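This report concerns only the one structure given below.
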Amino acid sequence: MELRRLRESFLNGPVVDRNGYPYFVAPLSDGVPRIDRGLLEEAVDGLAEVAELDCDLILAPEAMGIPLAAGLTLKTGIPFLVIRKKPYGLPGEIVLDQRTGYSKATMYIDTVEPGERVAIVDDVVDTGGTLRATVRALMEAGVVVTEVAVVFNRSPDVDALSREIGVPIRYLLTVGTEDGRPVIRPDS
C-alpha cells in the first residue's frame with residue numbers, strides 16, 4: 001500500500017510543543033490543514049484494507065475518528081457511533097476517563113448493548129491512554145471489542161499495548177518526531 005498522499009500530508013506538517021509534548025499537526029489527526037477528498041479516500045481505503053471490520057458497529061472517538069468512521073460506513077455499510085466528549089445522560093451511558101500524553105478528559109458512549117461487536121477507529125494511537133480507557137469501559141459493559149484501526153501509530157510498543165488490552169491494533173503508518181520534525185518509521 002503506497003499511501004503517497006498520507007505520507008506527504010504527514011511529513012509536511014509542523015510539530016508544536018504542548019507542555020513539553022512534541023505534537024505533530026496533520027490533516028487526518030487535527031483537521032488542519034484542510035482534508036481533501038483524495039487524502040480521506042486514501043486513508044479510508046487503507047483502513048478498510050488493514051482492518052477486518054468483523055463487527056456490528058464502528059466506534060469513533062471525537063473528533064478525528066469521525067470522518068474516518070463515516071468513510072468506512074459509506075464503504076462497508078457498517079453503522080458508526082461517536083464516542084462523545086459530553087454526556088447525554090441516556091440509559092446505559094458508558095462513562096470513561098481518559099488521559100493522553102498531553103490531555104485528559106471524560107468521554108461518553110451511548111446506545112451500545114452487551115454482546116455487540118465493535119471496532120474502534122481513530123486517527124492516532126500514542127500513549128494508549130484513550131484506548132485503554134475505552135476498551136476497559138466497553139468490556140466492563142459486556143461489549144465485545146474486535147479490533148482497533150488507526151491511521152497513525154505513534155506508540156513506542158504497539159504490540160505490547162495490543163497484548164495489554166487484548167485487542168489487535170491495526171495501523172497504516174508508524175510515525176514519530178525527531179528534532180522538531182515529523183518522521184515516518186521504517187516498518188510503514
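We label chains A, B, ... in the order they appear in the C-alpha cells, count residues from 1 in each chain, and number ligands from 1 in the order shown.
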
From segment 120-171 of chain A, collect each residue whose DSSP state is helix (DSSP H, G or I) and return the set as a ChimeraX atom specification.
-> /A:129-140,158-165

Print the selection's residues with N, CA and C atoms to a file, as a tab-separated table (two decimals), in the first residue's frame.
```tsv
chain	number	residue	atom	x	y	z
A	129	GLY	N	-3.59	5.86	26.26
A	129	GLY	CA	-4.49	6.27	27.34
A	129	GLY	C	-5.96	6.24	26.96
A	130	THR	N	-6.31	6.82	25.84
A	130	THR	CA	-7.70	6.82	25.38
A	130	THR	C	-8.14	5.39	25.07
A	131	LEU	N	-7.29	4.66	24.41
A	131	LEU	CA	-7.61	3.29	24.01
A	131	LEU	C	-7.82	2.37	25.21
A	132	ARG	N	-6.91	2.42	26.18
A	132	ARG	CA	-7.06	1.59	27.39
A	132	ARG	C	-8.39	1.87	28.08
A	133	ALA	N	-8.69	3.15	28.29
A	133	ALA	CA	-9.92	3.53	28.99
A	133	ALA	C	-11.15	3.11	28.21
A	134	THR	N	-11.12	3.27	26.91
A	134	THR	CA	-12.27	2.93	26.07
A	134	THR	C	-12.52	1.43	26.06
A	135	VAL	N	-11.48	0.66	25.81
A	135	VAL	CA	-11.63	-0.80	25.76
A	135	VAL	C	-12.07	-1.34	27.11
A	136	ARG	N	-11.48	-0.86	28.18
A	136	ARG	CA	-11.84	-1.32	29.53
A	136	ARG	C	-13.32	-1.02	29.81
A	137	ALA	N	-13.77	0.19	29.53
A	137	ALA	CA	-15.16	0.56	29.79
A	137	ALA	C	-16.13	-0.26	28.95
A	138	LEU	N	-15.79	-0.49	27.70
A	138	LEU	CA	-16.66	-1.29	26.83
A	138	LEU	C	-16.75	-2.73	27.32
A	139	MET	N	-15.60	-3.32	27.64
A	139	MET	CA	-15.59	-4.71	28.10
A	139	MET	C	-16.35	-4.86	29.41
A	140	GLU	N	-16.20	-3.89	30.31
A	140	GLU	CA	-16.94	-3.93	31.57
A	140	GLU	C	-18.44	-3.86	31.33
A	158	VAL	N	3.49	-0.82	20.12
A	158	VAL	CA	2.09	-1.09	19.80
A	158	VAL	C	1.72	-2.55	20.04
A	159	ASP	N	2.67	-3.47	19.85
A	159	ASP	CA	2.38	-4.88	20.09
A	159	ASP	C	2.12	-5.15	21.56
A	160	ALA	N	2.91	-4.54	22.45
A	160	ALA	CA	2.70	-4.69	23.89
A	160	ALA	C	1.36	-4.08	24.29
A	161	LEU	N	1.02	-2.93	23.74
A	161	LEU	CA	-0.27	-2.31	24.03
A	161	LEU	C	-1.41	-3.20	23.57
A	162	SER	N	-1.28	-3.79	22.40
A	162	SER	CA	-2.31	-4.70	21.88
A	162	SER	C	-2.49	-5.90	22.81
A	163	ARG	N	-1.39	-6.47	23.27
A	163	ARG	CA	-1.48	-7.60	24.21
A	163	ARG	C	-2.13	-7.16	25.52
A	164	GLU	N	-1.74	-5.99	26.00
A	164	GLU	CA	-2.28	-5.48	27.27
A	164	GLU	C	-3.80	-5.32	27.22
A	165	ILE	N	-4.32	-4.76	26.14
A	165	ILE	CA	-5.77	-4.53	26.05
A	165	ILE	C	-6.52	-5.74	25.50
```

Give me the residues within 10 Å of Gly180 of chain A as JSON, numbers by chain, counting only C-alpha atoms and dropping any in the same chain fewer than 5 places off.
-> {"A": [14, 15, 16, 17, 22, 23, 24]}

For the residues in the current selection, export C-alpha atoms as a PDB file, in the first residue's frame.
```
ATOM      1  CA  PRO A  14       4.592  21.103  11.743  1.00  0.00           C
ATOM      2  CA  VAL A  15       5.437  19.799  15.207  1.00  0.00           C
ATOM      3  CA  VAL A  16       4.266  22.009  18.066  1.00  0.00           C
ATOM      4  CA  ASP A  17       5.095  21.896  21.754  1.00  0.00           C
ATOM      5  CA  PRO A  22       6.068  17.167  20.731  1.00  0.00           C
ATOM      6  CA  TYR A  23       2.678  17.135  18.974  1.00  0.00           C
ATOM      7  CA  PHE A  24       2.544  16.655  15.199  1.00  0.00           C
TER       8      PHE A  24
END
```

Excluding segment 52-57 of chain A and any residue of its chain fewer than 3 positions from it, enumerate the residues within 8 Å of it, using only C-alpha atoms, and give them as a PDB file with C-alpha atoms, in the first residue's frame.
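Result went into selection_3.pdb, see below:
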```
ATOM      1  CA  ALA A  48     -10.585  -0.934   5.075  1.00  0.00           C
ATOM      2  CA  GLU A  49      -7.649  -2.940   3.731  1.00  0.00           C
ATOM      3  CA  ILE A  78     -21.472  -0.861   8.957  1.00  0.00           C
ATOM      4  CA  PRO A  79     -23.025   1.901  11.093  1.00  0.00           C
ATOM      5  CA  PHE A  80     -20.850   4.092  13.277  1.00  0.00           C
ATOM      6  CA  LEU A  81     -21.283   5.767  16.642  1.00  0.00           C
ATOM      7  CA  GLU A 116     -22.455  -6.129  20.448  1.00  0.00           C
ATOM      8  CA  ARG A 117     -19.236  -6.496  18.469  1.00  0.00           C
ATOM      9  CA  VAL A 118     -17.484  -3.170  17.889  1.00  0.00           C
ATOM     10  CA  ALA A 119     -14.356  -1.977  16.111  1.00  0.00           C
ATOM     11  CA  THR A 146     -12.948  -6.917  17.919  1.00  0.00           C
ATOM     12  CA  GLU A 147     -10.114  -4.611  16.858  1.00  0.00           C
TER      13      GLU A 147
END
```

Per-residue DSSP, segment 1-160 of chain A, filtered to strand (DSSP E), as a PyMOL selection string = chain A and resi 15-18+21-24+57-61+80-83+94-99+104-109+117-125+144-153

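Atom pair atom CA of Gly31 of chain A / atom CA of Gly176 of chain A: separated by 18.4 Å.
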
Give me the residues within 8 Å of Asp97 of chain A as a ChimeraX atom specification, counting only C-alpha atoms and dropping any in the same chain fewer than 5 places off.
-> /A:104-107,133

Residue among A:Tyr21, A:Asp126, A:Pro27, A:Val82 lying closest to Ser9 of chain A, counting only C-alpha atoms |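 With only C-alpha atoms as the atom set, the closest residue is A:Pro27.
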
I'd like the contact shell of Ile109 of chain A - 10 Å cut-off, only C-alpha atoms, skipping same-chain residues fewer than 3 positions apart - returned as an mmCIF file with N, CA and C atoms, in the first residue's frame.
```cif
data_model
loop_
_atom_site.group_PDB
_atom_site.id
_atom_site.type_symbol
_atom_site.label_atom_id
_atom_site.label_comp_id
_atom_site.auth_asym_id
_atom_site.auth_seq_id
_atom_site.Cartn_x
_atom_site.Cartn_y
_atom_site.Cartn_z
ATOM 1 N N LEU A 59 -16.961 2.311 16.286
ATOM 2 C CA LEU A 59 -16.931 3.395 17.268
ATOM 3 C C LEU A 59 -15.806 4.354 16.913
ATOM 4 N N ALA A 60 -16.106 5.650 17.005
ATOM 5 C CA ALA A 60 -15.127 6.665 16.643
ATOM 6 C C ALA A 60 -15.044 7.722 17.727
ATOM 7 N N PRO A 61 -13.893 7.831 18.404
ATOM 8 C CA PRO A 61 -13.740 8.907 19.382
ATOM 9 C C PRO A 61 -13.790 10.278 18.699
ATOM 10 N N LEU A 81 -20.822 5.031 15.479
ATOM 11 C CA LEU A 81 -21.283 5.767 16.642
ATOM 12 C C LEU A 81 -20.114 6.574 17.178
ATOM 13 N N VAL A 82 -20.392 7.797 17.586
ATOM 14 C CA VAL A 82 -19.350 8.682 18.095
ATOM 15 C C VAL A 82 -19.195 8.514 19.606
ATOM 16 N N ILE A 83 -17.963 8.365 20.051
ATOM 17 C CA ILE A 83 -17.634 8.419 21.476
ATOM 18 C C ILE A 83 -17.489 9.902 21.784
ATOM 19 N N ARG A 84 -18.410 10.429 22.575
ATOM 20 C CA ARG A 84 -18.564 11.876 22.761
ATOM 21 C C ARG A 84 -17.767 12.418 23.940
ATOM 22 N N LYS A 85 -17.547 13.729 23.887
ATOM 23 C CA LYS A 85 -16.880 14.430 24.979
ATOM 24 C C LYS A 85 -17.878 15.114 25.896
ATOM 25 N N LYS A 86 -19.175 14.908 25.642
ATOM 26 C CA LYS A 86 -20.189 15.463 26.541
ATOM 27 C C LYS A 86 -21.250 14.405 26.803
ATOM 28 N N PRO A 87 -21.831 14.443 27.989
ATOM 29 C CA PRO A 87 -22.843 13.432 28.337
ATOM 30 C C PRO A 87 -24.217 13.802 27.802
ATOM 31 N N TYR A 88 -25.005 12.773 27.560
ATOM 32 C CA TYR A 88 -26.412 12.966 27.235
ATOM 33 C C TYR A 88 -27.300 12.409 28.341
ATOM 34 N N LEU A 90 -28.290 9.372 28.708
ATOM 35 C CA LEU A 90 -29.211 8.339 28.234
ATOM 36 C C LEU A 90 -29.039 7.067 29.065
ATOM 37 N N GLY A 92 -27.994 3.599 30.244
ATOM 38 C CA GLY A 92 -26.876 2.745 29.858
ATOM 39 C C GLY A 92 -25.643 3.487 29.379
ATOM 40 N N GLU A 93 -25.602 4.804 29.525
ATOM 41 C CA GLU A 93 -24.451 5.580 29.074
ATOM 42 C C GLU A 93 -23.178 5.077 29.765
ATOM 43 N N ILE A 94 -22.162 4.821 28.965
ATOM 44 C CA ILE A 94 -20.869 4.370 29.476
ATOM 45 C C ILE A 94 -19.988 5.604 29.641
ATOM 46 N N VAL A 95 -19.394 5.754 30.826
ATOM 47 C CA VAL A 95 -18.542 6.900 31.125
ATOM 48 C C VAL A 95 -17.115 6.401 31.284
ATOM 49 N N LEU A 96 -16.170 7.102 30.645
ATOM 50 C CA LEU A 96 -14.774 6.712 30.794
ATOM 51 C C LEU A 96 -13.898 7.943 30.946
ATOM 52 N N VAL A 112 -24.816 1.471 23.005
ATOM 53 C CA VAL A 112 -24.226 0.172 22.699
ATOM 54 C C VAL A 112 -24.801 -0.831 23.689
ATOM 55 N N THR A 134 -11.121 3.272 26.906
ATOM 56 C CA THR A 134 -12.275 2.927 26.070
ATOM 57 C C THR A 134 -12.517 1.426 26.065
ATOM 58 N N ALA A 137 -13.766 0.191 29.530
ATOM 59 C CA ALA A 137 -15.161 0.563 29.790
ATOM 60 C C ALA A 137 -16.128 -0.264 28.948
ATOM 61 N N LEU A 138 -15.789 -0.492 27.699
ATOM 62 C CA LEU A 138 -16.664 -1.285 26.832
ATOM 63 C C LEU A 138 -16.750 -2.732 27.317
#
```

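Take atom CA of Gly38 of chain A and atom CA of Phe152 of chain A: the distance between them is 17.4 Å.
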
What does the distance between atom CA of Val151 of chain A and atom CA of Val50 of chain A come to in Å, to one decimal place?
->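 If I compute the distance from atom CA of Val151 of chain A to atom CA of Val50 of chain A, I get 10.2 Å.
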
For Leu74 of chain A, the closest of A:Asp45, A:Pro168, A:Glu113, A:Arg181 counting only C-alpha atoms is A:Asp45
